[in-house]
file start29.cif (mmCIF, C-alpha atoms)
data_run
loop_
_atom_site.label_atom_id
_atom_site.label_comp_id
_atom_site.auth_asym_id
_atom_site.auth_seq_id
_atom_site.Cartn_x
_atom_site.Cartn_y
_atom_site.Cartn_z
CA MET Q 1 -2.06 13.71 -8.57
CA PRO Q 2 0.78 14.06 -11.09
CA PHE Q 3 2.93 10.98 -11.56
CA ASP Q 4 6.49 10.93 -10.30
CA ARG Q 5 8.95 8.25 -9.23
CA SER Q 6 10.27 10.01 -6.15
CA VAL Q 7 10.25 7.81 -3.06
CA LYS Q 8 7.02 8.08 -1.08
CA ILE Q 9 6.49 6.89 2.49
CA ALA Q 10 3.03 5.47 3.19
CA PRO Q 11 2.59 4.68 6.90
CA SER Q 12 0.21 1.81 7.55
CA ILE Q 13 -2.27 2.84 10.21
CA LEU Q 14 -2.64 -0.82 11.15
CA SER Q 15 0.29 -0.04 13.46
CA ALA Q 16 -1.28 3.13 14.88
CA ASP Q 17 -3.14 3.55 18.17
CA PHE Q 18 -6.59 2.15 17.38
CA ALA Q 19 -8.20 4.41 19.98
CA ASN Q 20 -6.81 7.54 18.36
CA PHE Q 21 -6.85 7.11 14.57
CA GLY Q 22 -7.69 10.70 13.66
CA ALA Q 23 -4.88 12.16 15.73
CA GLU Q 24 -2.47 9.46 14.54
CA ILE Q 25 -3.19 10.19 10.88
CA ARG Q 26 -2.75 13.92 11.40
CA ALA Q 27 0.49 13.31 13.30
CA VAL Q 28 2.16 11.17 10.62
CA GLU Q 29 1.11 13.59 7.88
CA GLU Q 30 2.43 16.57 9.80
CA GLN Q 31 5.70 14.66 10.26
CA GLY Q 32 6.11 14.10 6.53
CA ALA Q 33 4.08 11.10 5.39
CA ASP Q 34 3.34 11.23 1.66
CA TRP Q 35 0.38 8.82 1.67
CA VAL Q 36 -1.74 7.10 4.32
CA HIS Q 37 -2.04 3.33 3.84
CA VAL Q 38 -5.18 1.53 5.05
CA ASP Q 39 -5.00 -2.27 5.31
CA VAL Q 40 -8.42 -3.86 4.89
CA MET Q 41 -8.52 -7.52 5.98
CA ASP Q 42 -11.49 -9.88 6.08
CA GLY Q 43 -10.43 -12.82 8.26
CA HIS Q 44 -10.92 -15.07 5.24
CA PHE Q 45 -8.48 -14.13 2.48
CA VAL Q 46 -5.99 -13.24 5.22
CA PRO Q 47 -5.97 -14.31 8.89
CA ASN Q 48 -6.95 -10.99 10.41
CA LEU Q 49 -9.95 -8.66 10.48
CA THR Q 50 -9.64 -4.89 10.26
CA PHE Q 51 -11.51 -2.00 8.67
CA GLY Q 52 -14.89 -1.90 6.95
CA PRO Q 53 -16.14 0.99 4.80
CA PRO Q 54 -17.56 2.94 7.79
CA ALA Q 55 -14.11 3.01 9.40
CA VAL Q 56 -12.47 4.16 6.17
CA LYS Q 57 -15.14 6.88 5.84
CA ALA Q 58 -14.29 7.99 9.39
CA PHE Q 59 -10.57 8.18 8.52
CA ARG Q 60 -11.16 10.23 5.37
CA PRO Q 61 -11.62 13.71 6.90
CA HIS Q 62 -8.28 13.36 8.66
CA VAL Q 63 -6.32 12.40 5.53
CA LYS Q 64 -5.05 15.48 3.71
CA THR Q 65 -2.51 13.70 1.50
CA PHE Q 66 -3.57 10.53 -0.35
CA MET Q 67 -5.57 7.60 1.02
CA ASP Q 68 -4.25 4.30 -0.27
CA VAL Q 69 -6.69 1.46 0.52
CA HIS Q 70 -5.34 -2.08 0.24
CA LEU Q 71 -8.13 -4.66 0.03
CA MET Q 72 -7.00 -8.02 1.37
CA ILE Q 73 -10.44 -9.50 0.96
CA ALA Q 74 -12.15 -12.17 -1.14
CA PRO Q 75 -14.48 -11.86 -2.85
CA VAL Q 76 -13.61 -8.26 -3.61
CA ASP Q 77 -15.73 -6.89 -6.47
CA GLN Q 78 -18.95 -6.27 -4.53
CA TYR Q 79 -17.13 -4.11 -1.97
CA ILE Q 80 -15.29 -1.79 -4.34
CA GLU Q 81 -18.08 0.76 -4.60
CA ALA Q 82 -18.41 0.99 -0.81
CA TYR Q 83 -14.71 1.70 -0.30
CA ALA Q 84 -14.73 4.21 -3.14
CA GLU Q 85 -17.68 6.00 -1.59
CA ALA Q 86 -15.86 5.94 1.77
CA GLY Q 87 -13.19 8.14 0.20
CA ALA Q 88 -10.36 5.95 -1.07
CA ASP Q 89 -8.07 7.66 -3.57
CA MET Q 90 -6.42 4.39 -4.60
CA ILE Q 91 -7.91 0.92 -4.23
CA SER Q 92 -5.61 -2.07 -4.63
CA ALA Q 93 -6.92 -5.62 -5.00
CA HIS Q 94 -5.09 -8.95 -4.98
CA VAL Q 95 -4.70 -10.94 -8.17
CA GLU Q 96 -5.16 -14.03 -5.97
CA ALA Q 97 -8.52 -12.87 -4.57
CA GLY Q 98 -10.68 -13.85 -7.52
CA PRO Q 99 -10.76 -15.26 -11.02
CA HIS Q 100 -11.28 -11.99 -12.91
CA ILE Q 101 -8.67 -9.39 -11.99
CA HIS Q 102 -9.33 -7.53 -15.25
CA ARG Q 103 -12.97 -7.05 -14.24
CA THR Q 104 -11.94 -6.04 -10.73
CA LEU Q 105 -9.61 -3.33 -12.04
CA GLN Q 106 -12.33 -2.10 -14.40
CA ALA Q 107 -14.65 -1.80 -11.41
CA ILE Q 108 -12.10 0.19 -9.40
CA ARG Q 109 -11.56 2.62 -12.26
CA GLY Q 110 -15.31 2.78 -12.84
CA ALA Q 111 -15.81 3.78 -9.21
CA GLY Q 112 -13.53 6.79 -9.78
CA CYS Q 113 -10.42 5.57 -7.97
CA LYS Q 114 -6.88 4.90 -9.05
CA ALA Q 115 -6.32 1.16 -9.41
CA GLY Q 116 -3.65 -1.06 -7.93
CA VAL Q 117 -3.01 -4.77 -8.27
CA CYS Q 118 -1.32 -6.72 -5.47
CA VAL Q 119 0.91 -9.77 -5.82
CA ASN Q 120 1.68 -12.15 -2.95
CA PRO Q 121 5.23 -13.44 -2.40
CA GLY Q 122 4.55 -16.83 -4.00
CA THR Q 123 2.70 -15.46 -7.04
CA PRO Q 124 4.70 -14.99 -10.26
CA LEU Q 125 4.67 -11.64 -12.02
CA GLU Q 126 3.25 -13.32 -15.13
CA ALA Q 127 -0.11 -13.27 -13.32
CA ILE Q 128 -0.35 -9.49 -13.83
CA GLU Q 129 1.54 -9.06 -17.11
CA TYR Q 130 -1.59 -8.50 -19.16
CA VAL Q 131 -3.18 -5.91 -16.85
CA LEU Q 132 -0.21 -3.54 -16.51
CA ASP Q 133 -1.88 -1.10 -18.91
CA MET Q 134 -4.89 -0.91 -16.56
CA VAL Q 135 -3.15 -0.06 -13.30
CA ASP Q 136 -1.65 2.94 -11.57
CA MET Q 137 0.33 0.82 -9.13
CA VAL Q 138 1.59 -2.70 -8.54
CA VAL Q 139 1.88 -3.74 -4.90
CA LEU Q 140 4.55 -6.33 -4.24
CA MET Q 141 3.97 -8.10 -0.94
CA THR Q 142 7.28 -8.77 0.77
CA VAL Q 143 5.57 -10.61 3.63
CA ASN Q 144 2.61 -12.96 3.53
CA PRO Q 145 -0.36 -10.64 4.06
CA GLY Q 146 -2.38 -10.61 7.23
CA PHE Q 147 -0.21 -9.23 10.02
CA GLY Q 148 2.12 -6.33 10.66
CA GLY Q 149 5.65 -6.63 11.98
CA GLN Q 150 6.76 -9.58 9.84
CA LYS Q 151 10.24 -10.16 8.48
CA PHE Q 152 11.00 -9.01 4.94
CA ILE Q 153 11.08 -11.79 2.31
CA THR Q 154 14.27 -11.16 0.36
CA SER Q 155 13.03 -12.63 -2.94
CA GLY Q 156 11.06 -9.40 -3.24
CA ILE Q 157 14.22 -7.54 -4.24
CA GLU Q 158 14.72 -9.45 -7.50
CA LYS Q 159 10.98 -9.47 -8.07
CA THR Q 160 10.99 -5.67 -7.85
CA ARG Q 161 13.80 -5.50 -10.39
CA LEU Q 162 11.92 -7.77 -12.82
CA LEU Q 163 8.70 -5.81 -12.37
CA ARG Q 164 10.45 -2.53 -13.09
CA GLN Q 165 11.63 -4.01 -16.40
CA MET Q 166 8.10 -5.23 -17.21
CA ILE Q 167 6.59 -1.81 -16.51
CA GLY Q 168 8.99 -0.06 -18.87
CA ASP Q 169 7.88 3.50 -19.56
CA ARG Q 170 4.35 3.07 -18.20
CA GLU Q 171 3.38 5.52 -15.46
CA VAL Q 172 2.93 2.80 -12.85
CA HIS Q 173 4.12 2.98 -9.24
CA ILE Q 174 5.80 0.03 -7.56
CA GLN Q 175 4.77 -0.25 -3.93
CA ILE Q 176 6.55 -2.48 -1.43
CA ASP Q 177 4.41 -3.71 1.44
CA GLY Q 178 5.95 -5.74 4.23
CA GLY Q 179 9.06 -5.54 6.35
CA VAL Q 180 10.14 -2.09 5.16
CA THR Q 181 12.87 -0.70 7.43
CA PRO Q 182 15.95 1.50 6.97
CA GLU Q 183 17.79 -1.75 6.21
CA THR Q 184 15.44 -3.06 3.51
CA ALA Q 185 14.28 0.23 1.95
CA PRO Q 186 17.48 0.93 -0.01
CA LEU Q 187 17.45 -2.57 -1.48
CA VAL Q 188 13.97 -2.24 -3.01
CA VAL Q 189 14.38 1.41 -4.03
CA GLU Q 190 17.57 0.55 -5.89
CA ALA Q 191 15.61 -2.23 -7.62
CA GLY Q 192 12.91 0.20 -8.76
CA ALA Q 193 10.32 0.69 -6.02
CA ASP Q 194 8.99 4.17 -5.30
CA VAL Q 195 6.22 3.72 -2.67
CA LEU Q 196 7.19 2.20 0.69
CA VAL Q 197 4.53 1.02 3.11
CA ALA Q 198 5.83 0.98 6.66
CA GLY Q 199 3.87 0.22 9.79
CA SER Q 200 5.86 -0.67 12.88
CA ALA Q 201 8.99 0.96 11.40
CA VAL Q 202 7.15 4.32 11.41
CA PHE Q 203 5.07 4.06 14.58
CA LYS Q 204 7.57 2.36 16.92
CA GLY Q 205 8.52 4.48 19.90
CA GLY Q 206 6.20 7.36 19.01
CA SER Q 207 2.71 8.55 19.89
CA VAL Q 208 0.48 11.53 19.27
CA ASP Q 209 2.25 13.06 22.27
CA LYS Q 210 5.66 12.29 20.72
CA PRO Q 211 4.96 12.74 17.01
CA GLU Q 212 8.51 13.81 16.28
CA VAL Q 213 9.50 10.14 16.66
CA TYR Q 214 7.31 9.33 13.65
CA GLY Q 215 9.16 11.98 11.70
CA GLN Q 216 12.53 10.63 12.77
CA ASN Q 217 11.52 7.10 11.83
CA MET Q 218 10.33 8.19 8.39
CA GLN Q 219 13.43 10.29 7.81
CA ALA Q 220 15.60 7.29 8.68
CA ILE Q 221 13.87 5.31 5.94
CA ARG Q 222 14.23 8.18 3.46
CA ASP Q 223 17.88 8.70 4.27
CA ALA Q 224 18.63 5.01 3.89
CA ALA Q 225 16.77 4.92 0.59
CA GLY Q 226 18.75 7.90 -0.68
CA SER Q 227 15.70 10.12 -1.17
#

call {"tool": "encode", "arguments": {"input": "start29.cif", "output": "structure tokens"}}
result
Amino acid sequence: MPFDRSVKIAPSILSADFANFGAEIRAVEEQGADWVHVDVMDGHFVPNLTFGPPAVKAFRPHVKTFMDVHLMIAPVDQYIEAYAEAGADMISAHVEAGPHIHRTLQAIRGAGCKAGVCVNPGTPLEAIEYVLDMVDMVVLMTVNPGFGGQKFITSGIEKTRLLRQMIGDREVHIQIDGGVTPETAPLVVEAGADVLVAGSAVFKGGSVDKPEVYGQNMQAIRDAAGS
């Protein structure tokens, strides 16, 4: 996938109809989603439990764009291969999830996936400064991870701006995860973000029987972001 900084919408299927994942994925892609975001939670690192590798493998045939797998799990290293084999295109791991983020990123690349590093709201950017040359994406959490539908943490705007300066001319995406809406999207895009994860803001009011609502919701985010 060639690198570009155009704004990309990555619906989080955590907000989709759990009984109808295949149809939901196809619906958001047909309505203009750029990526599909899969939130993996372990009930330990974050207070929720979601998708194991078999579920991600089941999603894979339905994803025609780009499957972005966000591992909110600890420990993480021993599960990387399983999620890679399940079909992830990008695997992102939290700098807070273990003592050796450099090794974790090596493992993700070694498994054949693009590598992302995630930073929680209370974690300073200095924690990832020395791995920026190893990553394809930095995920800035703008909520505390674990649940969808939370309110955007506004300190993420300045954090995005600082990260964009740190990245410089590296081909590294900045993804914003948490509280993305038509109101918050323009703030982070102006600061330098180019991948927007949105769950409830995409899926609210729609269904596989009313997929055009997903398209309208995504277009509202794009229009607000000026993309």

call {"tool": "resolve_selection", "arguments": {"input": "start29.cif", "expression": "the PyMOL selection byres ((chain Q and resi 197) around 12)", "output": "PyMOL selection string"}}
result
chain Q and resi 7-15+33-39+68-70+139-143+148-149+174-181+184-185+188+193-196+198-203+218+221

call {"tool": "resolve_selection", "arguments": {"input": "start29.cif", "expression": "the PyMOL selection byres ((chain Q and resi 162) around 12)", "output": "mmCIF file with C-alpha atoms, in the frame of the given file"}}
result
data_model
loop_
_atom_site.group_PDB
_atom_site.id
_atom_site.type_symbol
_atom_site.label_atom_id
_atom_site.label_comp_id
_atom_site.auth_asym_id
_atom_site.auth_seq_id
_atom_site.Cartn_x
_atom_site.Cartn_y
_atom_site.Cartn_z
ATOM 1 C CA PRO Q 124 4.700 -14.990 -10.260
ATOM 2 C CA LEU Q 125 4.670 -11.640 -12.020
ATOM 3 C CA GLU Q 126 3.250 -13.320 -15.130
ATOM 4 C CA GLU Q 129 1.540 -9.060 -17.110
ATOM 5 C CA LEU Q 140 4.550 -6.330 -4.240
ATOM 6 C CA SER Q 155 13.030 -12.630 -2.940
ATOM 7 C CA GLY Q 156 11.060 -9.400 -3.240
ATOM 8 C CA ILE Q 157 14.220 -7.540 -4.240
ATOM 9 C CA GLU Q 158 14.720 -9.450 -7.500
ATOM 10 C CA LYS Q 159 10.980 -9.470 -8.070
ATOM 11 C CA THR Q 160 10.990 -5.670 -7.850
ATOM 12 C CA ARG Q 161 13.800 -5.500 -10.390
ATOM 13 C CA LEU Q 163 8.700 -5.810 -12.370
ATOM 14 C CA ARG Q 164 10.450 -2.530 -13.090
ATOM 15 C CA GLN Q 165 11.630 -4.010 -16.400
ATOM 16 C CA MET Q 166 8.100 -5.230 -17.210
ATOM 17 C CA ILE Q 167 6.590 -1.810 -16.510
ATOM 18 C CA GLY Q 168 8.990 -0.060 -18.870
ATOM 19 C CA ILE Q 174 5.800 0.030 -7.560
ATOM 20 C CA VAL Q 188 13.970 -2.240 -3.010
ATOM 21 C CA ALA Q 191 15.610 -2.230 -7.620
ATOM 22 C CA GLY Q 192 12.910 0.200 -8.760
ATOM 23 C CA ALA Q 193 10.320 0.690 -6.020
#

call {"tool": "atom_distance", "arguments": {"input": "start29.cif", "atom1": "CA of Glu171 in chain Q", "atom2": "CA of Phe3 in chain Q"}}
result
6.7 Å

call {"tool": "closest_residue", "arguments": {"input": "start29.cif", "among": "Q:Ile101, Q:Ala93, Q:Ile153, Q:Met72", "to": "Leu49 in chain Q", "atoms": "all atoms listed in the file"}}
result
Q:Met72

call {"tool": "residues_around", "arguments": {"input": "start29.cif", "residues": "Gly22 in chain Q", "least_positions_apart": "5", "cutoff": "12 Å", "atoms": "all atoms listed in the file", "output": "PyMOL selection string"}}
result
chain Q and resi 13+16-17+27-29+36+55-64+208

call {"tool": "residues_around", "arguments": {"input": "start29.cif", "residues": "range 79-87 of chain Q", "least_positions_apart": "2", "cutoff": "8 Å", "atoms": "all atoms listed in the file", "output": "JSON, numbers by chain"}}
result
{"Q": [53, 54, 56, 57, 60, 67, 76, 77, 89, 91, 107, 108, 111, 112, 113]}

call {"tool": "atom_distance", "arguments": {"input": "start29.cif", "atom1": "CA of Pro186 in chain Q", "atom2": "CA of Arg5 in chain Q"}}
result
14.5 Å

call {"tool": "residues_around", "arguments": {"input": "start29.cif", "residues": "Pro75 in chain Q", "least_positions_apart": "5", "cutoff": "10 Å", "atoms": "only C-alpha atoms", "output": "MDAnalysis selection string"}}
result
chainID Q and resid 42 44:45 97:99

call {"tool": "atom_distance", "arguments": {"input": "start29.cif", "atom1": "CA of Glu183 in chain Q", "atom2": "CA of Glu24 in chain Q"}}
result
24.6 Å

call {"tool": "closest_residue", "arguments": {"input": "start29.cif", "among": "Q:Val40, Q:Pro121, Q:Leu105, Q:Gly215", "to": "Ala74 in chain Q", "atoms": "all atoms listed in the file"}}
result
Q:Val40

call {"tool": "closest_residue", "arguments": {"input": "start29.cif", "among": "Q:His94, Q:Arg109, Q:Lys151, Q:Lys114", "to": "Ile128 in chain Q", "atoms": "only C-alpha atoms"}}
result
Q:His94

call {"tool": "resolve_selection", "arguments": {"input": "start29.cif", "expression": "the PyMOL selection byres ((chain Q and resi 116) around 6)", "output": "list in words"}}
result
Ile91, Ser92, Ala115, Val117, Val135, Asp136, Met137 and Val138 of chain Q

call {"tool": "closest_residue", "arguments": {"input": "start29.cif", "among": "Q:Glu212, Q:Thr123, Q:Met90, Q:Ser207", "to": "Asn20 in chain Q", "atoms": "all atoms listed in the file"}}
result
Q:Ser207

call {"tool": "closest_residue", "arguments": {"input": "start29.cif", "among": "Q:Phe152, Q:Ala224, Q:Gly146, Q:Val131", "to": "Arg170 in chain Q", "atoms": "all atoms listed in the file"}}
result
Q:Val131

call {"tool": "closest_residue", "arguments": {"input": "start29.cif", "among": "Q:Ile73, Q:Ser6, Q:Ile25, Q:His173", "to": "Gly226 in chain Q", "atoms": "only C-alpha atoms"}}
result
Q:Ser6

call {"tool": "build_atoms", "arguments": {"input": "start29.cif", "residues": "range 100-122 of chain Q", "atoms": "N, CA, C and O atoms", "output": "PDB file, keeping the file's coordinate frame"}}
result
ATOM      1  N   HIS Q 100     -11.148 -12.972 -11.836  1.00  0.00           N
ATOM      2  CA  HIS Q 100     -11.280 -11.990 -12.910  1.00  0.00           C
ATOM      3  C   HIS Q 100     -10.653 -10.655 -12.523  1.00  0.00           C
ATOM      4  O   HIS Q 100     -11.349  -9.666 -12.334  1.00  0.00           O
ATOM      5  N   ILE Q 101      -9.329 -10.619 -12.416  1.00  0.00           N
ATOM      6  CA  ILE Q 101      -8.670  -9.390 -11.990  1.00  0.00           C
ATOM      7  C   ILE Q 101      -8.906  -8.260 -12.980  1.00  0.00           C
ATOM      8  O   ILE Q 101      -9.013  -7.093 -12.589  1.00  0.00           O
ATOM      9  N   HIS Q 102      -9.042  -8.564 -14.249  1.00  0.00           N
ATOM     10  CA  HIS Q 102      -9.330  -7.530 -15.250  1.00  0.00           C
ATOM     11  C   HIS Q 102     -10.644  -6.835 -14.919  1.00  0.00           C
ATOM     12  O   HIS Q 102     -10.742  -5.602 -14.926  1.00  0.00           O
ATOM     13  N   ARG Q 103     -11.655  -7.622 -14.594  1.00  0.00           N
ATOM     14  CA  ARG Q 103     -12.970  -7.050 -14.240  1.00  0.00           C
ATOM     15  C   ARG Q 103     -12.873  -6.246 -12.949  1.00  0.00           C
ATOM     16  O   ARG Q 103     -13.487  -5.180 -12.827  1.00  0.00           O
ATOM     17  N   THR Q 104     -12.096  -6.750 -11.997  1.00  0.00           N
ATOM     18  CA  THR Q 104     -11.940  -6.040 -10.730  1.00  0.00           C
ATOM     19  C   THR Q 104     -11.306  -4.667 -10.953  1.00  0.00           C
ATOM     20  O   THR Q 104     -11.762  -3.654 -10.405  1.00  0.00           O
ATOM     21  N   LEU Q 105     -10.273  -4.612 -11.772  1.00  0.00           N
ATOM     22  CA  LEU Q 105      -9.610  -3.330 -12.040  1.00  0.00           C
ATOM     23  C   LEU Q 105     -10.528  -2.386 -12.803  1.00  0.00           C
ATOM     24  O   LEU Q 105     -10.529  -1.174 -12.562  1.00  0.00           O
ATOM     25  N   GLN Q 106     -11.334  -2.929 -13.714  1.00  0.00           N
ATOM     26  CA  GLN Q 106     -12.330  -2.100 -14.400  1.00  0.00           C
ATOM     27  C   GLN Q 106     -13.292  -1.480 -13.393  1.00  0.00           C
ATOM     28  O   GLN Q 106     -13.658  -0.302 -13.496  1.00  0.00           O
ATOM     29  N   ALA Q 107     -13.698  -2.280 -12.412  1.00  0.00           N
ATOM     30  CA  ALA Q 107     -14.650  -1.800 -11.410  1.00  0.00           C
ATOM     31  C   ALA Q 107     -14.036  -0.697 -10.551  1.00  0.00           C
ATOM     32  O   ALA Q 107     -14.714   0.279 -10.202  1.00  0.00           O
ATOM     33  N   ILE Q 108     -12.758  -0.849 -10.197  1.00  0.00           N
ATOM     34  CA  ILE Q 108     -12.100   0.190  -9.400  1.00  0.00           C
ATOM     35  C   ILE Q 108     -12.025   1.496 -10.177  1.00  0.00           C
ATOM     36  O   ILE Q 108     -12.363   2.571  -9.654  1.00  0.00           O
ATOM     37  N   ARG Q 109     -11.604   1.413 -11.421  1.00  0.00           N
ATOM     38  CA  ARG Q 109     -11.560   2.620 -12.260  1.00  0.00           C
ATOM     39  C   ARG Q 109     -12.958   3.205 -12.444  1.00  0.00           C
ATOM     40  O   ARG Q 109     -13.153   4.425 -12.401  1.00  0.00           O
ATOM     41  N   GLY Q 110     -13.934   2.327 -12.651  1.00  0.00           N
ATOM     42  CA  GLY Q 110     -15.310   2.780 -12.840  1.00  0.00           C
ATOM     43  C   GLY Q 110     -15.879   3.480 -11.627  1.00  0.00           C
ATOM     44  O   GLY Q 110     -16.782   4.318 -11.742  1.00  0.00           O
ATOM     45  N   ALA Q 111     -15.352   3.145 -10.442  1.00  0.00           N
ATOM     46  CA  ALA Q 111     -15.810   3.780  -9.210  1.00  0.00           C
ATOM     47  C   ALA Q 111     -15.100   5.113  -8.963  1.00  0.00           C
ATOM     48  O   ALA Q 111     -15.371   5.780  -7.961  1.00  0.00           O
ATOM     49  N   GLY Q 112     -14.187   5.491  -9.864  1.00  0.00           N
ATOM     50  CA  GLY Q 112     -13.530   6.790  -9.780  1.00  0.00           C
ATOM     51  C   GLY Q 112     -12.233   6.810  -9.012  1.00  0.00           C
ATOM     52  O   GLY Q 112     -11.717   7.894  -8.684  1.00  0.00           O
ATOM     53  N   CYS Q 113     -11.675   5.637  -8.731  1.00  0.00           N
ATOM     54  CA  CYS Q 113     -10.420   5.570  -7.970  1.00  0.00           C
ATOM     55  C   CYS Q 113      -9.263   5.160  -8.865  1.00  0.00           C
ATOM     56  O   CYS Q 113      -9.450   4.521  -9.904  1.00  0.00           O
ATOM     57  N   LYS Q 114      -8.068   5.491  -8.436  1.00  0.00           N
ATOM     58  CA  LYS Q 114      -6.880   4.900  -9.050  1.00  0.00           C
ATOM     59  C   LYS Q 114      -6.841   3.429  -8.685  1.00  0.00           C
ATOM     60  O   LYS Q 114      -7.336   3.025  -7.624  1.00  0.00           O
ATOM     61  N   ALA Q 115      -6.250   2.611  -9.563  1.00  0.00           N
ATOM     62  CA  ALA Q 115      -6.320   1.160  -9.410  1.00  0.00           C
ATOM     63  C   ALA Q 115      -4.944   0.567  -9.185  1.00  0.00           C
ATOM     64  O   ALA Q 115      -3.990   0.874  -9.900  1.00  0.00           O
ATOM     65  N   GLY Q 116      -4.874  -0.316  -8.187  1.00  0.00           N
ATOM     66  CA  GLY Q 116      -3.650  -1.060  -7.930  1.00  0.00           C
ATOM     67  C   GLY Q 116      -3.919  -2.547  -7.946  1.00  0.00           C
ATOM     68  O   GLY Q 116      -5.026  -2.989  -7.633  1.00  0.00           O
ATOM     69  N   VAL Q 117      -2.916  -3.314  -8.321  1.00  0.00           N
ATOM     70  CA  VAL Q 117      -3.010  -4.770  -8.270  1.00  0.00           C
ATOM     71  C   VAL Q 117      -1.895  -5.277  -7.353  1.00  0.00           C
ATOM     72  O   VAL Q 117      -0.753  -4.806  -7.432  1.00  0.00           O
ATOM     73  N   CYS Q 118      -2.248  -6.215  -6.466  1.00  0.00           N
ATOM     74  CA  CYS Q 118      -1.320  -6.720  -5.470  1.00  0.00           C
ATOM     75  C   CYS Q 118      -0.901  -8.145  -5.803  1.00  0.00           C
ATOM     76  O   CYS Q 118      -1.727  -8.940  -6.287  1.00  0.00           O
ATOM     77  N   VAL Q 119       0.346  -8.461  -5.508  1.00  0.00           N
ATOM     78  CA  VAL Q 119       0.910  -9.770  -5.820  1.00  0.00           C
ATOM     79  C   VAL Q 119       1.565 -10.331  -4.553  1.00  0.00           C
ATOM     80  O   VAL Q 119       2.470  -9.720  -3.984  1.00  0.00           O
ATOM     81  N   ASN Q 120       1.109 -11.505  -4.130  1.00  0.00           N
ATOM     82  CA  ASN Q 120       1.680 -12.150  -2.950  1.00  0.00           C
ATOM     83  C   ASN Q 120       3.072 -12.710  -3.232  1.00  0.00           C
ATOM     84  O   ASN Q 120       3.446 -12.905  -4.398  1.00  0.00           O
ATOM     85  N   PRO Q 121       3.847 -12.996  -2.182  1.00  0.00           N
ATOM     86  CA  PRO Q 121       5.230 -13.440  -2.400  1.00  0.00           C
ATOM     87  C   PRO Q 121       5.371 -14.672  -3.285  1.00  0.00           C
ATOM     88  O   PRO Q 121       6.335 -14.777  -4.045  1.00  0.00           O
ATOM     89  N   GLY Q 122       4.432 -15.604  -3.219  1.00  0.00           N
ATOM     90  CA  GLY Q 122       4.550 -16.830  -4.000  1.00  0.00           C
ATOM     91  C   GLY Q 122       3.909 -16.776  -5.369  1.00  0.00           C
ATOM     92  O   GLY Q 122       3.905 -17.786  -6.086  1.00  0.00           O
TER      93      GLY Q 122
END
